[in-house]
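**Q** Provided below: entry.tsv, containing TSV, C-alpha atoms.
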```
chain	number	residue	atom	x	y	z
A	1	MET	CA	-3.59	-4.53	8.91
A	2	HIS	CA	-4.86	-1.29	10.47
A	3	THR	CA	-3.71	1.98	8.96
A	4	ASP	CA	-4.46	5.44	10.24
A	5	ALA	CA	-3.31	9.07	10.39
A	6	LEU	CA	-0.04	7.99	12.00
A	7	GLY	CA	0.99	5.78	9.11
A	8	ASP	CA	0.74	2.13	8.21
A	9	ALA	CA	0.07	-0.16	11.14
A	10	ALA	CA	1.00	2.34	13.85
A	11	PRO	CA	1.39	0.44	17.11
A	12	THR	CA	-1.60	0.77	19.39
A	13	ARG	CA	0.41	2.37	22.22
A	14	GLU	CA	1.82	5.05	19.92
A	15	ARG	CA	-1.63	5.68	18.42
A	16	ASP	CA	-3.23	5.85	21.87
A	17	GLN	CA	-0.66	8.38	23.07
A	18	HIS	CA	-1.17	10.50	19.95
A	19	PHE	CA	-4.94	10.72	20.41
A	20	MET	CA	-4.64	11.19	24.18
A	21	ARG	CA	-2.45	14.23	23.51
A	22	LEU	CA	-5.29	15.62	21.39
A	23	ALA	CA	-7.62	15.04	24.35
A	24	LEU	CA	-5.10	16.83	26.58
A	25	GLU	CA	-5.22	19.82	24.22
A	26	GLN	CA	-8.97	19.93	24.84
A	27	ALA	CA	-8.38	19.72	28.60
A	28	HIS	CA	-6.05	22.73	28.38
A	29	ILE	CA	-8.85	24.70	26.70
A	30	ALA	CA	-11.08	23.80	29.66
A	31	VAL	CA	-8.46	25.15	32.09
A	32	SER	CA	-8.25	28.43	30.18
A	33	LEU	CA	-12.02	28.81	30.67
A	34	GLY	CA	-11.97	27.91	34.36
A	35	GLU	CA	-13.47	24.47	33.82
A	36	VAL	CA	-12.21	21.21	35.31
A	37	PRO	CA	-9.53	20.10	32.82
A	38	VAL	CA	-11.03	17.07	31.12
A	39	GLY	CA	-10.78	16.64	27.38
A	40	ALA	CA	-12.07	13.97	25.02
A	41	VAL	CA	-11.61	12.90	21.41
A	42	VAL	CA	-13.66	10.35	19.47
A	43	VAL	CA	-11.74	8.51	16.76
A	44	TYR	CA	-13.33	6.67	13.87
A	45	ASP	CA	-11.47	4.91	11.09
A	46	GLY	CA	-8.14	6.10	12.50
A	47	GLN	CA	-9.15	9.77	12.33
A	48	PRO	CA	-10.38	12.20	14.98
A	49	LEU	CA	-14.09	12.66	14.44
A	50	ALA	CA	-15.04	14.84	17.42
A	51	ALA	CA	-13.29	16.68	20.24
A	52	ALA	CA	-14.63	18.42	23.33
A	53	TYR	CA	-13.81	19.65	26.81
A	54	ASN	CA	-15.80	20.11	30.00
A	55	ARG	CA	-18.34	22.94	29.91
A	56	ARG	CA	-20.45	22.26	33.00
A	57	GLU	CA	-19.81	25.66	34.60
A	58	ILE	CA	-20.04	27.70	31.39
A	59	ASP	CA	-23.24	26.02	30.22
A	60	ALA	CA	-24.72	25.39	33.70
A	61	ASP	CA	-25.31	21.88	32.41
A	62	PRO	CA	-24.62	18.78	34.53
A	63	SER	CA	-24.30	16.65	31.39
A	64	ALA	CA	-21.65	18.85	29.73
A	65	HIS	CA	-18.80	16.44	30.41
A	66	ALA	CA	-16.08	16.31	27.77
A	67	GLU	CA	-16.77	12.74	26.63
A	68	PHE	CA	-20.54	13.25	26.64
A	69	ARG	CA	-20.20	16.29	24.39
A	70	ALA	CA	-17.70	14.52	22.10
A	71	LEU	CA	-20.00	11.51	21.73
A	72	LEU	CA	-22.90	13.77	20.75
A	73	GLN	CA	-20.69	15.47	18.14
A	74	ALA	CA	-19.59	12.08	16.80
A	75	ALA	CA	-23.19	10.88	16.49
A	76	ARG	CA	-24.07	14.02	14.54
A	77	ALA	CA	-21.00	13.68	12.30
A	78	LEU	CA	-21.83	10.05	11.49
A	79	ASP	CA	-25.58	10.76	11.43
A	80	ARG	CA	-26.32	7.76	13.63
A	81	TRP	CA	-26.62	6.97	17.32
A	82	ARG	CA	-24.70	3.69	17.14
A	83	LEU	CA	-21.01	4.57	17.32
A	84	CYS	CA	-19.68	1.14	16.47
A	85	GLY	CA	-16.10	1.42	15.29
A	86	CYS	CA	-15.39	4.42	17.53
A	87	THR	CA	-12.80	4.78	20.26
A	88	VAL	CA	-13.20	7.46	22.91
A	89	TYR	CA	-10.04	9.03	24.35
A	90	VAL	CA	-10.60	10.92	27.58
A	91	THR	CA	-8.13	12.38	30.07
A	92	LEU	CA	-10.10	11.24	33.16
A	93	GLU	CA	-11.84	7.92	33.75
A	94	PRO	CA	-15.50	8.37	32.79
A	95	CYS	CA	-18.21	8.66	35.43
A	96	ILE	CA	-21.22	6.38	35.46
A	97	MET	CA	-23.24	8.80	33.26
A	98	CYS	CA	-20.56	8.91	30.56
A	99	ALA	CA	-19.79	5.19	30.79
A	100	GLY	CA	-23.53	4.57	30.42
A	101	LEU	CA	-23.64	6.75	27.33
A	102	MET	CA	-20.67	4.84	25.88
A	103	HIS	CA	-22.58	1.62	26.52
A	104	GLN	CA	-25.73	3.02	24.90
A	105	ALA	CA	-23.75	4.35	21.91
A	106	ARG	CA	-22.14	0.94	21.38
A	107	ILE	CA	-18.57	2.25	21.20
A	108	ASP	CA	-15.78	-0.27	20.61
A	109	ARG	CA	-13.26	1.07	23.10
A	110	CYS	CA	-12.47	3.75	25.67
A	111	VAL	CA	-8.94	4.88	26.48
A	112	TYR	CA	-8.46	7.07	29.53
A	113	GLY	CA	-5.54	8.74	31.25
A	114	ALA	CA	-6.12	9.28	34.97
A	115	ALA	CA	-8.22	7.00	37.14
A	116	ASP	CA	-11.04	8.67	39.10
A	117	PRO	CA	-11.22	7.26	42.64
A	118	LYS	CA	-14.37	9.27	43.41
A	119	ALA	CA	-16.50	8.59	40.31
A	120	GLY	CA	-14.70	6.20	37.94
A	121	ALA	CA	-17.05	3.80	36.21
A	122	LEU	CA	-14.63	1.90	33.95
A	123	GLY	CA	-12.77	-0.12	36.53
A	124	THR	CA	-12.30	2.00	39.65
A	125	LEU	CA	-15.72	2.11	41.35
A	126	TYR	CA	-17.80	0.40	38.69
A	127	SER	CA	-17.06	-1.67	35.60
A	128	VAL	CA	-19.86	-0.70	33.22
A	129	HIS	CA	-17.81	-1.80	30.21
A	130	GLU	CA	-17.69	-5.44	31.34
A	131	ASP	CA	-20.98	-5.86	33.19
A	132	THR	CA	-22.41	-9.04	31.68
A	133	ARG	CA	-25.94	-8.02	32.69
A	134	LEU	CA	-25.81	-5.33	30.01
A	135	ASN	CA	-26.32	-5.97	26.31
A	136	HIS	CA	-23.05	-4.38	25.17
A	137	GLY	CA	-19.50	-4.39	26.41
A	138	PHE	CA	-16.44	-2.53	25.23
A	139	ALA	CA	-12.70	-2.61	25.69
A	140	VAL	CA	-10.94	-0.23	28.06
A	141	SER	CA	-7.30	0.83	28.20
A	142	ALA	CA	-6.34	2.78	31.30
A	143	GLY	CA	-3.35	4.91	32.19
A	144	VAL	CA	-2.41	6.29	28.76
A	145	CYS	CA	-0.43	9.51	29.35
A	146	GLU	CA	-1.48	9.09	32.97
A	147	ARG	CA	1.13	11.40	34.44
A	148	GLU	CA	0.25	14.32	32.16
A	149	CYS	CA	-3.48	13.83	32.75
A	150	SER	CA	-3.09	13.52	36.53
A	151	ASP	CA	-0.68	16.45	36.79
A	152	LEU	CA	-3.04	18.73	34.88
A	153	LEU	CA	-5.96	17.84	37.15
A	154	ARG	CA	-3.86	18.10	40.30
A	155	SER	CA	-2.42	21.52	39.40
A	156	PHE	CA	-5.90	22.81	38.51
A	157	PHE	CA	-7.32	21.83	41.89
A	158	VAL	CA	-4.27	23.12	43.80
A	159	GLY	CA	-4.74	26.45	42.04
A	160	LEU	CA	-8.46	26.44	42.76
A	161	ARG	CA	-7.93	25.76	46.47
A	162	SER	CA	-5.24	28.45	46.60
A	163	LYS	CA	-7.56	30.96	44.93
A	164	ARG	CA	-10.38	30.14	47.32
A	165	GLY	CA	-7.98	30.57	50.26
A	166	GLU	CA	-7.00	34.03	49.03
A	167	GLU	CA	-10.65	35.04	48.72
A	168	ARG	CA	-11.33	34.26	52.39
```
What would the structure in this file look like if it were written as structure tokens?

**A**
Amino acid sequence: MHTDALGDAAPTRERDQHFMRLALEQAHIAVSLGEVPVGAVVVYDGQPLAAAYNRREIDADPSAHAEFRALLQAARALDRWRLCGCTVYVTLEPCIMCAGLMHQARIDRCVYGAADPKAGALGTLYSVHEDTRLNHGFAVSAGVCERECSDLLRSFFVGLRSKRGEER
């Protein structure tokens, strides 16, 4: 029986919502810095191991996606590149770069909030997690806290468009 920070045998849905809310906290940090609001948390053994938010603009780094940064932190914390036993919680469906990193890191599972119709690589445009040509697959759970994740992204982009309109 699985036990974790939420108590003995916390149901998966409840546990997923708990950790997705931690990822949402990271996304709110991104908003406060003017970054696209995506947050990620890596969980190992029922405990948060790493947390990050988008920093592409701040760092001028195309790889500074929330889940990419969180996976790097997790690898350092565990002192290994194989992240077997880890679940990644991310507020937006990972792109092909991040899904590829999850594949390479050998994660067990990814849980995401909002689907990404323009770049989603875990079921929307691509299905990296279940591509049988690859040497590793992982489970995916979509739509956890979907409304909160989608609303945060939508309001950010509405505000951005409004700001750009005012500057013209």

**Q** Would you mind telling me which residue in A:Asp116, A:His103, A:Val111, A:Pro62 lies nearest to A:Trp81 when using only C-alpha atoms?

**A** A:His103

**Q** Tell me, counting all atoms listed in the file, for each residue of stretch 62-86 of chain A within 8 Å of stretch 26-49 of chain A, which pair of atoms is nearest and how far apart they are in Å to one decimal, in rows ordered by chain and increasing number, as JSON lines.

**A**
```
{"residue": "A:His65", "atom": "CA", "partner": "A:Val38", "partner_atom": "CA", "distance": 7.8}
{"residue": "A:Ala66", "atom": "CA", "partner": "A:Gly39", "partner_atom": "CA", "distance": 5.3}
{"residue": "A:Glu67", "atom": "CA", "partner": "A:Ala40", "partner_atom": "CA", "distance": 5.1}
{"residue": "A:Ala70", "atom": "CA", "partner": "A:Val41", "partner_atom": "CA", "distance": 6.3}
{"residue": "A:Leu71", "atom": "CA", "partner": "A:Val42", "partner_atom": "CA", "distance": 6.8}
{"residue": "A:Ala74", "atom": "CA", "partner": "A:Leu49", "partner_atom": "CA", "distance": 6.0}
{"residue": "A:Ala77", "atom": "CA", "partner": "A:Leu49", "partner_atom": "CA", "distance": 7.3}
{"residue": "A:Gly85", "atom": "CA", "partner": "A:Tyr44", "partner_atom": "CA", "distance": 6.1}
{"residue": "A:Cys86", "atom": "CA", "partner": "A:Tyr44", "partner_atom": "CA", "distance": 4.8}
```

**Q** Please determine, counting only C-alpha atoms, which residue among A:Leu24, A:Val158, A:Cys98, A:Ala142 has the shortest atom-to-atom distance to A:Ala114.

**A**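 Closest residue, counting only C-alpha atoms: A:Ala142.
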
**Q** Any idea what the distance is between atom CA of A:Asp61 and atom CA of A:Asp151?

**A**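 A separation of 25.6 Å between them.
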
**Q** How many Å lie between atom CA of A:Arg82 and atom CA of A:Ala99, rounded to one decimal?

**A**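 Between atom CA of A:Arg82 and atom CA of A:Ala99 the gap is 14.6 Å.
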
**Q** Find, counting only C-alpha atoms, the residue in A:Leu122, A:Val90, A:Cys84, A:Ile58 that gets nearest to A:Ala105.

**A** A:Cys84

**Q** Could you tell me which of A:Arg164, A:Arg21, A:Arg69, A:Lys118 comes closest to A:Glu146 if we count all atoms listed in the file?

**A**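 Going through A:Arg164, A:Arg21, A:Arg69, A:Lys118 one by one, the smallest distance to A:Glu146 is for A:Arg21.
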
**Q** So how many Å separate atom CA of A:Val140 and atom CA of A:Asp59, to one decimal?

**A** 29.1 Å

**Q** Nearest to A:Gly137: which of A:Asp79, A:Asp16, A:Glu57, A:Asp108 is it, counting only C-alpha atoms?

**A**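 Checking each candidate against A:Gly137, we get A:Asp108 as the closest.
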
**Q** Taking (-24.2, 3.5, 32.8) in the coordinates of the supplied file, I want to know which residues reach to within 10 Å of it, counting all atoms listed in the file; could you give the answer as a list in words?

**A**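 Neighbouring residues, ordered by chain and number, come to Pro94, Cys95, Ile96, Met97, Cys98, Ala99, Gly100, Leu101, Met102, His103, Gln104, Ala121, Leu122, Tyr126, Ser127, Val128, His129, Asp131 and Leu134 of chain A.
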
**Q** Considering all atoms listed in the file, can you say which of A:Glu25, A:Phe19, A:Ser150, A:Arg109 comes closest to A:His136?

**A**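 Counting all atoms listed in the file, the residue closest to A:His136 is A:Arg109.
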
**Q** Name the residues in contact with A:Arg147 at a cut-off of 12 Å, using all atoms listed in the file, excluding same-chain residues fewer than 5 positions from it; report them as number ranges by chain.

**A** A: 17, 20-21, 24, 91-92, 112-115, 142, 152-155

**Q** For the selection just defined, write its residues with C-alpha atoms to a file, as a PDB file, keeping the file's coordinate frame.

**A**
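Written file, part_33.pdb:
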```pdb
ATOM      1  CA  GLN A  17      -0.660   8.380  23.070  1.00  0.00           C
ATOM      2  CA  MET A  20      -4.640  11.190  24.180  1.00  0.00           C
ATOM      3  CA  ARG A  21      -2.450  14.230  23.510  1.00  0.00           C
ATOM      4  CA  LEU A  24      -5.100  16.830  26.580  1.00  0.00           C
ATOM      5  CA  THR A  91      -8.130  12.380  30.070  1.00  0.00           C
ATOM      6  CA  LEU A  92     -10.100  11.240  33.160  1.00  0.00           C
ATOM      7  CA  TYR A 112      -8.460   7.070  29.530  1.00  0.00           C
ATOM      8  CA  GLY A 113      -5.540   8.740  31.250  1.00  0.00           C
ATOM      9  CA  ALA A 114      -6.120   9.280  34.970  1.00  0.00           C
ATOM     10  CA  ALA A 115      -8.220   7.000  37.140  1.00  0.00           C
ATOM     11  CA  ALA A 142      -6.340   2.780  31.300  1.00  0.00           C
ATOM     12  CA  LEU A 152      -3.040  18.730  34.880  1.00  0.00           C
ATOM     13  CA  LEU A 153      -5.960  17.840  37.150  1.00  0.00           C
ATOM     14  CA  ARG A 154      -3.860  18.100  40.300  1.00  0.00           C
ATOM     15  CA  SER A 155      -2.420  21.520  39.400  1.00  0.00           C
TER      16      SER A 155
END
```

**Q** Since the input lacks some atoms of stretch 101-112 of chain A, please model all heavy atoms and print them as a PDB file, in the frame of the given file.

**A**
```
ATOM      1  N   LEU A 101     -23.438   6.255  28.695  1.00  0.00           N
ATOM      2  CA  LEU A 101     -23.640   6.750  27.330  1.00  0.00           C
ATOM      3  C   LEU A 101     -22.765   5.963  26.349  1.00  0.00           C
ATOM      4  O   LEU A 101     -23.222   5.626  25.252  1.00  0.00           O
ATOM      5  CB  LEU A 101     -23.312   8.241  27.246  1.00  0.00           C
ATOM      6  CG  LEU A 101     -23.521   8.874  25.866  1.00  0.00           C
ATOM      7  CD1 LEU A 101     -24.977   8.749  25.411  1.00  0.00           C
ATOM      8  CD2 LEU A 101     -23.083  10.333  25.889  1.00  0.00           C
ATOM      9  N   MET A 102     -21.543   5.649  26.745  1.00  0.00           N
ATOM     10  CA  MET A 102     -20.670   4.840  25.880  1.00  0.00           C
ATOM     11  C   MET A 102     -21.300   3.476  25.625  1.00  0.00           C
ATOM     12  O   MET A 102     -21.269   2.967  24.498  1.00  0.00           O
ATOM     13  CB  MET A 102     -19.287   4.694  26.510  1.00  0.00           C
ATOM     14  CG  MET A 102     -18.509   5.970  26.523  1.00  0.00           C
ATOM     15  SD  MET A 102     -16.926   5.746  27.368  1.00  0.00           S
ATOM     16  CE  MET A 102     -16.416   7.461  27.493  1.00  0.00           C
ATOM     17  N   HIS A 103     -21.873   2.891  26.664  1.00  0.00           N
ATOM     18  CA  HIS A 103     -22.580   1.620  26.520  1.00  0.00           C
ATOM     19  C   HIS A 103     -23.745   1.775  25.540  1.00  0.00           C
ATOM     20  O   HIS A 103     -23.896   0.990  24.609  1.00  0.00           O
ATOM     21  CB  HIS A 103     -23.073   1.150  27.887  1.00  0.00           C
ATOM     22  CG  HIS A 103     -24.129   0.121  27.813  1.00  0.00           C
ATOM     23  ND1 HIS A 103     -25.469   0.425  27.911  1.00  0.00           N
ATOM     24  CD2 HIS A 103     -24.060  -1.217  27.618  1.00  0.00           C
ATOM     25  CE1 HIS A 103     -26.174  -0.686  27.780  1.00  0.00           C
ATOM     26  NE2 HIS A 103     -25.345  -1.688  27.606  1.00  0.00           N
ATOM     27  N   GLN A 104     -24.564   2.797  25.748  1.00  0.00           N
ATOM     28  CA  GLN A 104     -25.730   3.020  24.900  1.00  0.00           C
ATOM     29  C   GLN A 104     -25.331   3.307  23.449  1.00  0.00           C
ATOM     30  O   GLN A 104     -26.032   2.908  22.524  1.00  0.00           O
ATOM     31  CB  GLN A 104     -26.586   4.166  25.438  1.00  0.00           C
ATOM     32  CG  GLN A 104     -27.298   3.837  26.731  1.00  0.00           C
ATOM     33  CD  GLN A 104     -28.328   2.730  26.536  1.00  0.00           C
ATOM     34  OE1 GLN A 104     -29.080   2.711  25.565  1.00  0.00           O
ATOM     35  NE2 GLN A 104     -28.357   1.794  27.479  1.00  0.00           N
ATOM     36  N   ALA A 105     -24.210   3.995  23.256  1.00  0.00           N
ATOM     37  CA  ALA A 105     -23.750   4.350  21.910  1.00  0.00           C
ATOM     38  C   ALA A 105     -23.042   3.195  21.204  1.00  0.00           C
ATOM     39  O   ALA A 105     -22.717   3.291  20.030  1.00  0.00           O
ATOM     40  CB  ALA A 105     -22.829   5.568  21.978  1.00  0.00           C
ATOM     41  N   ARG A 106     -22.774   2.137  21.941  1.00  0.00           N
ATOM     42  CA  ARG A 106     -22.140   0.940  21.380  1.00  0.00           C
ATOM     43  C   ARG A 106     -20.711   1.196  20.865  1.00  0.00           C
ATOM     44  O   ARG A 106     -20.305   0.684  19.820  1.00  0.00           O
ATOM     45  CB  ARG A 106     -22.960   0.331  20.240  1.00  0.00           C
ATOM     46  CG  ARG A 106     -24.435   0.141  20.489  1.00  0.00           C
ATOM     47  CD  ARG A 106     -24.722  -0.859  21.598  1.00  0.00           C
ATOM     48  NE  ARG A 106     -26.088  -1.331  21.561  1.00  0.00           N
ATOM     49  CZ  ARG A 106     -27.088  -0.838  22.285  1.00  0.00           C
ATOM     50  NH1 ARG A 106     -26.887   0.176  23.095  1.00  0.00           N
ATOM     51  NH2 ARG A 106     -28.298  -1.352  22.198  1.00  0.00           N
ATOM     52  N   ILE A 107     -19.956   2.012  21.619  1.00  0.00           N
ATOM     53  CA  ILE A 107     -18.570   2.250  21.200  1.00  0.00           C
ATOM     54  C   ILE A 107     -17.783   0.940  21.270  1.00  0.00           C
ATOM     55  O   ILE A 107     -18.182  -0.001  21.955  1.00  0.00           O
ATOM     56  CB  ILE A 107     -17.879   3.331  22.062  1.00  0.00           C
ATOM     57  CG1 ILE A 107     -17.684   2.849  23.501  1.00  0.00           C
ATOM     58  CG2 ILE A 107     -18.633   4.653  21.989  1.00  0.00           C
ATOM     59  CD1 ILE A 107     -16.633   3.604  24.269  1.00  0.00           C
ATOM     60  N   ASP A 108     -16.647   0.908  20.586  1.00  0.00           N
ATOM     61  CA  ASP A 108     -15.780  -0.270  20.610  1.00  0.00           C
ATOM     62  C   ASP A 108     -14.812  -0.240  21.793  1.00  0.00           C
ATOM     63  O   ASP A 108     -14.474  -1.278  22.357  1.00  0.00           O
ATOM     64  CB  ASP A 108     -14.945  -0.364  19.337  1.00  0.00           C
ATOM     65  CG  ASP A 108     -15.750  -0.820  18.136  1.00  0.00           C
ATOM     66  OD1 ASP A 108     -16.987  -0.974  18.239  1.00  0.00           O
ATOM     67  OD2 ASP A 108     -15.138  -1.008  17.064  1.00  0.00           O
ATOM     68  N   ARG A 109     -14.370   0.987  22.138  1.00  0.00           N
ATOM     69  CA  ARG A 109     -13.260   1.070  23.100  1.00  0.00           C
ATOM     70  C   ARG A 109     -13.217   2.451  23.734  1.00  0.00           C
ATOM     71  O   ARG A 109     -13.546   3.449  23.103  1.00  0.00           O
ATOM     72  CB  ARG A 109     -11.961   0.806  22.341  1.00  0.00           C
ATOM     73  CG  ARG A 109     -10.715   0.753  23.153  1.00  0.00           C
ATOM     74  CD  ARG A 109      -9.572   0.215  22.259  1.00  0.00           C
ATOM     75  NE  ARG A 109      -8.329   0.299  22.980  1.00  0.00           N
ATOM     76  CZ  ARG A 109      -7.299   1.065  22.634  1.00  0.00           C
ATOM     77  NH1 ARG A 109      -7.350   1.792  21.534  1.00  0.00           N
ATOM     78  NH2 ARG A 109      -6.211   1.081  23.359  1.00  0.00           N
ATOM     79  N   CYS A 110     -12.767   2.483  24.988  1.00  0.00           N
ATOM     80  CA  CYS A 110     -12.470   3.750  25.670  1.00  0.00           C
ATOM     81  C   CYS A 110     -11.051   3.683  26.190  1.00  0.00           C
ATOM     82  O   CYS A 110     -10.639   2.667  26.771  1.00  0.00           O
ATOM     83  CB  CYS A 110     -13.440   3.997  26.824  1.00  0.00           C
ATOM     84  SG  CYS A 110     -13.063   5.522  27.734  1.00  0.00           S
ATOM     85  N   VAL A 111     -10.316   4.753  25.987  1.00  0.00           N
ATOM     86  CA  VAL A 111      -8.940   4.880  26.480  1.00  0.00           C
ATOM     87  C   VAL A 111      -8.943   6.100  27.393  1.00  0.00           C
ATOM     88  O   VAL A 111      -9.356   7.181  26.981  1.00  0.00           O
ATOM     89  CB  VAL A 111      -7.955   5.103  25.313  1.00  0.00           C
ATOM     90  CG1 VAL A 111      -6.538   5.286  25.834  1.00  0.00           C
ATOM     91  CG2 VAL A 111      -8.045   3.951  24.316  1.00  0.00           C
ATOM     92  N   TYR A 112      -8.510   5.916  28.636  1.00  0.00           N
ATOM     93  CA  TYR A 112      -8.460   7.070  29.530  1.00  0.00           C
ATOM     94  C   TYR A 112      -7.090   7.210  30.169  1.00  0.00           C
ATOM     95  O   TYR A 112      -6.315   6.268  30.228  1.00  0.00           O
ATOM     96  CB  TYR A 112      -9.588   7.051  30.562  1.00  0.00           C
ATOM     97  CG  TYR A 112      -9.522   5.995  31.640  1.00  0.00           C
ATOM     98  CD1 TYR A 112      -8.742   6.190  32.781  1.00  0.00           C
ATOM     99  CD2 TYR A 112     -10.271   4.827  31.550  1.00  0.00           C
ATOM    100  CE1 TYR A 112      -8.703   5.243  33.792  1.00  0.00           C
ATOM    101  CE2 TYR A 112     -10.238   3.883  32.557  1.00  0.00           C
ATOM    102  CZ  TYR A 112      -9.462   4.093  33.680  1.00  0.00           C
ATOM    103  OH  TYR A 112      -9.426   3.157  34.670  1.00  0.00           O
TER     104      TYR A 112
END
```
